[in-house]
Amino acid sequence: MTRQIRFNAFDMNCVAHQSPGLWRHPDDQSHRYTDLGYWTDLARLLERGLFDGLFIADVLGTYDVYGGTDEAALRQGAQIPVADPLLLVSAMAAVTEHLGFGITTGTGFEHPYPFARRLSTLDHLTGGRIGWNVVTGYLPSAARNFGDADQLDHDTRYDHADEYLEVLYKLWEGSWEDDAVVRDTERGVYVDPEKVHHIGHRGTHFTVPGIHLSEPSPQRSPVIYQAGASPRGVRFAAENAEAIFVGPPSKRVLKDTVARIRQALVDAGRDPYSARIYALSTVITGSTDEAAAAKQEEYRRYADLEGALVFTSGWMGIDLSRYDLDDPIGNVESNAIQSAVAAFQEAADDGREWTVRDIAEWASIGGLGPRFVGSGETVATQLQEWVADTDVDGFNLAYAITPGSFEDVVTHVVPALQARGAYPTGYTDGTLRHKLFDKGDRLPADHRGARYRLGGDLSTRTDRYRAYTNT
Ligand SMILES: Cc1cc2nc3c(=O)[nH]c(=O)nc-3n(C[C@H](O)[C@H](O)[C@H](O)COP(=O)(O)O)c2cc1C
C-alpha cells in the first residue's frame with residue numbers, strides 16, 4: 001500500500017518566522033500576526049488542505065547571542081516582536097472542525113499547576129484538538145528575564161522537564177475520575193468528592209499536594225509534541241512524545257535521526273511507530289518547475305543573511321558574528337540546540353565542511369530543514385522519496401511567505417499526492433490523538449503518562465493525601 005504522507009504547518013506569533021527579510025515581500029502577510037483574521041483564515045486554509053495541525057513555535061527571549069546584543073534581532077524583526085501562541089487557539093478552533101493545534105511553551109518559565117488548567121481548558125474548547133510542544137528553551141536571554149544568571153545546563157533542563165511532566169500527568173490523568181462530575185439535581189451534588197483525588201506530589205522542583213482544577217477533557221493529556229534530537233532530547237521524546245519534530249538538513253542525517261528515535265521508543269517500552277515524526281522543510285512550488293524556480297530566486301532576493309545569522313547564532317548558542325563568513329563550523333560545543341550543530345557537522349558527508357556562510361544561506365528561507373522546489377508533481381516525487389528512504393512520517397512545513405507558501409502547497413502538492421494515494425482525502429472524526437493514531441482519545445497504556453492513572457496502590461483520595469504527608 002502507498003504510504004500516506006502527513007503535513008503540519010509551522011508558524012509563530014511574529015513576522016517572517018524563519019525567513020528573515022521576507023516580511024518585505026509584497027505578498028507576505030506575516031505582519032498581520034496581530035490580527036485575528038490572519039489566524040482564522042490560515043486555520044481554514046490548512047483544514048482545506050487536510051493538514052494534521054498548525055504547529056506554533058515560541059520563545060520567551062530575544063536572539064541576542066549574535067553580537068551579544070538584541071539590536072540586529074530587533075532591526076530584522078527576527079522573532080521579535082513576538083506574541084503569545086496559546087491565546088490564538090480558541091478563535092481558530094471556532095472556525096474549524098478538525099485541524100489540530102500544537103502549541104509551544106517552555107517547561108522553565110511557568111509553574112505546571114496553572115499551565116495544566118490552561119491546557120485542559122483548551123482541550124475542552126477545541127473538542128480535544130490540542131497538542132503541546134514541550135520545549136526546554138535555548139535562549140539565555142529568556143532565563144535572565146526570569147531572574148537567573150543563565151539557563152540551566154542542556155541535560156539538566158531535560159531533568160527539570162521530566163518532573164514538570166510528572167506533575168502534569170498526575171493532574172491530567174490521576175486526579176479526576178471520568179464520572180466525578182455527577183450533576184445530580186435531586187441531591188444537589190455537582191461533583192462527587194470521593195472521585196476527585198489529591199495528587200500528592202512532592203519532588204525536587206515542585207510541590208503540588210492538591211487536585212487538578214479542571215474536570216477531565218476529551219484527551220485528558222494533550223497530544224505531546226517534542227522537538228529536541230540530542231541524545232538526552234531523544235530519551236525525553238521516547239518517554240513522552242507522540243509527535244516529534246526534527247530538523248536535519250540532509251536525507252542521510254534524517255534517516256539516522258529517525259532510526260535513533262524509533263529505537264529509543266522501543267527502548268522506552270513503546271511501539272516504534274507510536275510517535276509521528278515530522279521533518280522540518282520548506283516547499284516552494286508553482287504550476288511548473290520553472291515557475292517554482294523563479295519564485296525561489298525572487299525569495300532569495302528578499303532573504304537577509306544577517307537575519308539568518310541572528311537565528312543560527314541563537315539556535316547553536318554560538319556568536320557567529322565572531323567568525324569570518326568563510327570559516328568552517330568545526331567542532332564547536334553548544335549549550336543551546338545540540339542537534340542543530342551536530343546535524344551540520346554530520347551533514348558534511350561529501351568531505352566539505354559547512355562554513356558560516358553556507359549555514360546562513362541555507363537557513364535564510366524556512367530555517368534549518370531542506371527545501372523542496374518544483375511543480376506539485378516534482379515536489380510530490382521528492383517528498384515520497386524522502387519518506388521511503390528515511391522512514392519519516394511527514395513534514396513540518398515552514399513558510400517562505402505566509403499564507404502564500406501554504407496556499408501553494410494546498411493548490412499544487414496536496415492534489416498531486418492525493419492522485420498517487422499518498423495523502424489523506426478526508427479527516428478521521430474525533431480528537432487529535434485519535435486522528436493521528438486511530439486508537440482512541442486517551443494516552444495508550446504503554447505511554448509514560450498512563451502510569452499516573454488512578455488505580456493501583458494510590459487509588460483513593462485518602463491514600464494520596466497520606467502519601468504526600470507521609471502519615
Ligand atoms: C524543528 C525544531 C523546532 C523547535 N522549536 C522550538 C520552539 O518553538 N521553541 C523553543 O524554545 N525550542 C524549540 N526547539 C528546541 C528544542 O525543542 C529543545 O528544547 C532544545 O533546544 C534542545 O534541543 P536538543 O535536544 O536537540 O539539544 C525546536 C527544535 C527543533 C529541532
# chains A, B, ... in the order shown; residues from 1 in each chain; ligands from 1
>>> residues_around(residues="Ala268 in chain A", least_positions_apart="3", cutoff="8 Å", atoms="only C-alpha atoms", output="short mmCIF file (atom, residue, chain, number, x, y, z; two decimals) with N, CA and C atoms, in the first residue's frame")
data_model
loop_
_atom_site.label_atom_id
_atom_site.label_comp_id
_atom_site.auth_asym_id
_atom_site.auth_seq_id
_atom_site.Cartn_x
_atom_site.Cartn_y
_atom_site.Cartn_z
N ALA A 238 11.34 9.87 23.65
CA ALA A 238 10.91 8.48 23.62
C ALA A 238 9.98 8.16 24.78
N GLU A 239 10.17 8.85 25.89
CA GLU A 239 9.31 8.59 27.05
C GLU A 239 8.00 9.35 26.99
N ALA A 264 14.81 4.34 20.21
CA ALA A 264 14.62 4.87 21.57
C ALA A 264 13.20 4.61 22.06
N LEU A 265 12.22 4.67 21.15
CA LEU A 265 10.84 4.37 21.53
C LEU A 265 10.74 2.91 22.00
#
>>> residues_near_ligand(ligand="ligand 1", cutoff="8 Å", atoms="only C-alpha atoms and all ligand atoms", output="MDAnalysis selection string")
chainID A and resid 12 56:60 104:106 133:139 154 226:234 245:248 279:280 315 335:340 368:369 396
>>> write_last_selection(atoms="N, CA and C atoms", output="compact mmCIF listing (two decimals), in the first residue's frame")
# COMPACT_ATOMS: atom_id res chain seq x y z
N MET A 12 4.59 31.01 13.77
CA MET A 12 4.90 31.58 15.08
C MET A 12 4.18 32.91 15.17
N ILE A 56 2.68 25.96 16.36
CA ILE A 56 3.11 27.34 16.60
C ILE A 56 4.30 27.32 17.56
N ALA A 57 5.43 27.78 17.05
CA ALA A 57 6.66 27.83 17.85
C ALA A 57 6.57 29.00 18.84
N ASP A 58 7.46 29.03 19.80
CA ASP A 58 7.52 30.17 20.71
C ASP A 58 8.87 30.24 21.39
N VAL A 59 9.29 31.44 21.69
CA VAL A 59 10.44 31.65 22.58
C VAL A 59 10.07 32.77 23.55
N LEU A 60 10.65 32.72 24.73
CA LEU A 60 10.39 33.78 25.71
C LEU A 60 11.65 34.59 25.93
N THR A 104 3.57 25.61 21.43
CA THR A 104 4.84 25.52 22.14
C THR A 104 4.82 26.33 23.43
N THR A 105 5.19 25.71 24.53
CA THR A 105 5.55 26.50 25.72
C THR A 105 6.71 25.79 26.41
N GLY A 106 7.50 26.57 27.11
CA GLY A 106 8.70 26.02 27.76
C GLY A 106 8.39 25.53 29.17
N ASN A 133 3.71 21.33 22.45
CA ASN A 133 5.11 21.11 22.09
C ASN A 133 5.97 21.46 23.30
N VAL A 134 6.54 20.45 23.91
CA VAL A 134 7.31 20.63 25.14
C VAL A 134 8.72 21.07 24.78
N VAL A 135 9.09 22.29 25.16
CA VAL A 135 10.47 22.71 24.91
C VAL A 135 11.14 23.09 26.22
N THR A 136 12.45 22.91 26.23
CA THR A 136 13.20 23.20 27.45
C THR A 136 13.94 24.53 27.32
N GLY A 137 13.76 25.22 26.18
CA GLY A 137 14.37 26.54 25.99
C GLY A 137 15.80 26.45 25.50
N TYR A 138 16.24 27.51 24.84
CA TYR A 138 17.64 27.54 24.40
C TYR A 138 18.24 28.93 24.45
N LEU A 139 17.40 29.95 24.75
CA LEU A 139 17.92 31.32 24.74
C LEU A 139 18.28 31.77 26.16
N HIS A 154 22.26 22.06 29.47
CA HIS A 154 21.41 21.38 28.49
C HIS A 154 20.69 20.16 29.08
N GLN A 226 7.33 17.14 20.67
CA GLN A 226 8.66 17.44 21.17
C GLN A 226 9.57 17.68 19.98
N ALA A 227 10.62 18.48 20.19
CA ALA A 227 11.47 18.84 19.04
C ALA A 227 12.95 18.91 19.39
N GLY A 228 13.41 18.06 20.24
CA GLY A 228 14.85 18.05 20.53
C GLY A 228 15.42 16.72 20.06
N ALA A 229 16.58 16.74 19.44
CA ALA A 229 17.10 15.50 18.87
C ALA A 229 18.49 15.14 19.39
N SER A 230 18.97 15.82 20.43
CA SER A 230 20.23 15.42 21.05
C SER A 230 19.99 14.08 21.76
N PRO A 231 21.05 13.36 22.20
CA PRO A 231 20.82 12.08 22.88
C PRO A 231 19.86 12.22 24.07
N ARG A 232 20.03 13.25 24.90
CA ARG A 232 19.13 13.42 26.05
C ARG A 232 17.73 13.82 25.58
N GLY A 233 17.68 14.63 24.50
CA GLY A 233 16.39 15.04 23.94
C GLY A 233 15.62 13.85 23.39
N VAL A 234 16.33 12.93 22.75
CA VAL A 234 15.67 11.75 22.18
C VAL A 234 15.13 10.85 23.30
N PHE A 245 9.22 16.59 16.10
CA PHE A 245 9.70 17.43 15.00
C PHE A 245 11.20 17.36 14.96
N VAL A 246 11.73 17.07 13.79
CA VAL A 246 13.18 17.04 13.64
C VAL A 246 13.57 17.97 12.51
N GLY A 247 14.82 18.44 12.53
CA GLY A 247 15.19 19.44 11.53
C GLY A 247 16.48 19.17 10.80
N PRO A 248 16.85 17.92 10.49
CA PRO A 248 18.13 17.70 9.80
C PRO A 248 18.14 18.24 8.38
N ALA A 279 9.50 16.00 9.59
CA ALA A 279 10.76 16.69 9.30
C ALA A 279 10.49 18.13 8.88
N LEU A 280 11.20 19.04 9.53
CA LEU A 280 11.11 20.44 9.15
C LEU A 280 11.55 20.61 7.70
N TRP A 315 20.15 29.49 17.77
CA TRP A 315 19.89 28.04 17.80
C TRP A 315 21.13 27.27 18.25
N ASN A 335 25.49 24.80 24.13
CA ASN A 335 24.58 24.64 25.26
C ASN A 335 23.18 25.07 24.85
N ALA A 336 22.94 25.14 23.53
CA ALA A 336 21.60 25.51 23.04
C ALA A 336 20.98 24.28 22.41
N ILE A 337 20.75 24.30 21.10
CA ILE A 337 20.16 23.13 20.45
C ILE A 337 21.29 22.27 19.92
N GLN A 338 21.71 21.28 20.70
CA GLN A 338 22.89 20.48 20.32
C GLN A 338 22.68 19.81 18.97
N SER A 339 21.43 19.34 18.74
CA SER A 339 21.20 18.61 17.49
C SER A 339 21.34 19.53 16.28
N ALA A 340 21.12 20.83 16.44
CA ALA A 340 21.25 21.76 15.31
C ALA A 340 22.70 21.84 14.86
N LEU A 368 16.29 25.53 9.22
CA LEU A 368 17.35 24.54 9.05
C LEU A 368 17.00 23.32 8.19
N GLY A 369 15.73 23.13 7.90
CA GLY A 369 15.35 21.93 7.14
C GLY A 369 15.68 22.06 5.67
N ASN A 396 6.93 19.02 8.53
CA ASN A 396 6.52 20.20 9.25
C ASN A 396 6.91 21.38 8.37
>>> atom_distance(atom1="CA of Leu54 in chain A", atom2="CA of Ile103 in chain A")
8.2 Å
>>> closest_residue(among="A:Leu397, A:Leu325, A:Ala292, A:Ala445", to="His412 in chain A", atoms="only C-alpha atoms")
A:Ala292
>>> closest_residue(among="A:Pro20, A:Gly67, A:Gly440, A:Gly147", to="Pro218 in chain A", atoms="only C-alpha atoms")
A:Gly440
>>> closest_atom_pairs(of="range 416-455 of chain A", to="range 373-391 of chain A", cutoff="8 Å", atoms="only C-alpha atoms", output="JSON lines")
{"residue": "A:Ala416", "atom": "CA", "partner": "A:Glu377", "partner_atom": "CA", "distance": 5.6}
{"residue": "A:Leu417", "atom": "CA", "partner": "A:Ala380", "partner_atom": "CA", "distance": 5.7}
{"residue": "A:Ala422", "atom": "CA", "partner": "A:Gln384", "partner_atom": "CA", "distance": 8.0}
>>> write_last_selection(atoms="C-alpha atoms", output="mmCIF file, in the first residue's frame")
data_model
loop_
_atom_site.group_PDB
_atom_site.id
_atom_site.type_symbol
_atom_site.label_atom_id
_atom_site.label_comp_id
_atom_site.auth_asym_id
_atom_site.auth_seq_id
_atom_site.Cartn_x
_atom_site.Cartn_y
_atom_site.Cartn_z
ATOM 1 C CA ALA A 416 -0.560 15.585 -6.698
ATOM 2 C CA LEU A 417 -0.019 13.418 -3.616
ATOM 3 C CA ALA A 422 -0.128 9.209 -0.830
#
>>> closest_residue(among="A:Tyr113, A:Tyr225, A:Phe344, A:Tyr158", to="Ala360 in chain A", atoms="only C-alpha atoms")
A:Phe344
>>> closest_residue(among="A:Ile130, A:Leu42, A:Val392, A:Val223", to="Thr257 in chain A", atoms="only C-alpha atoms")
A:Val392
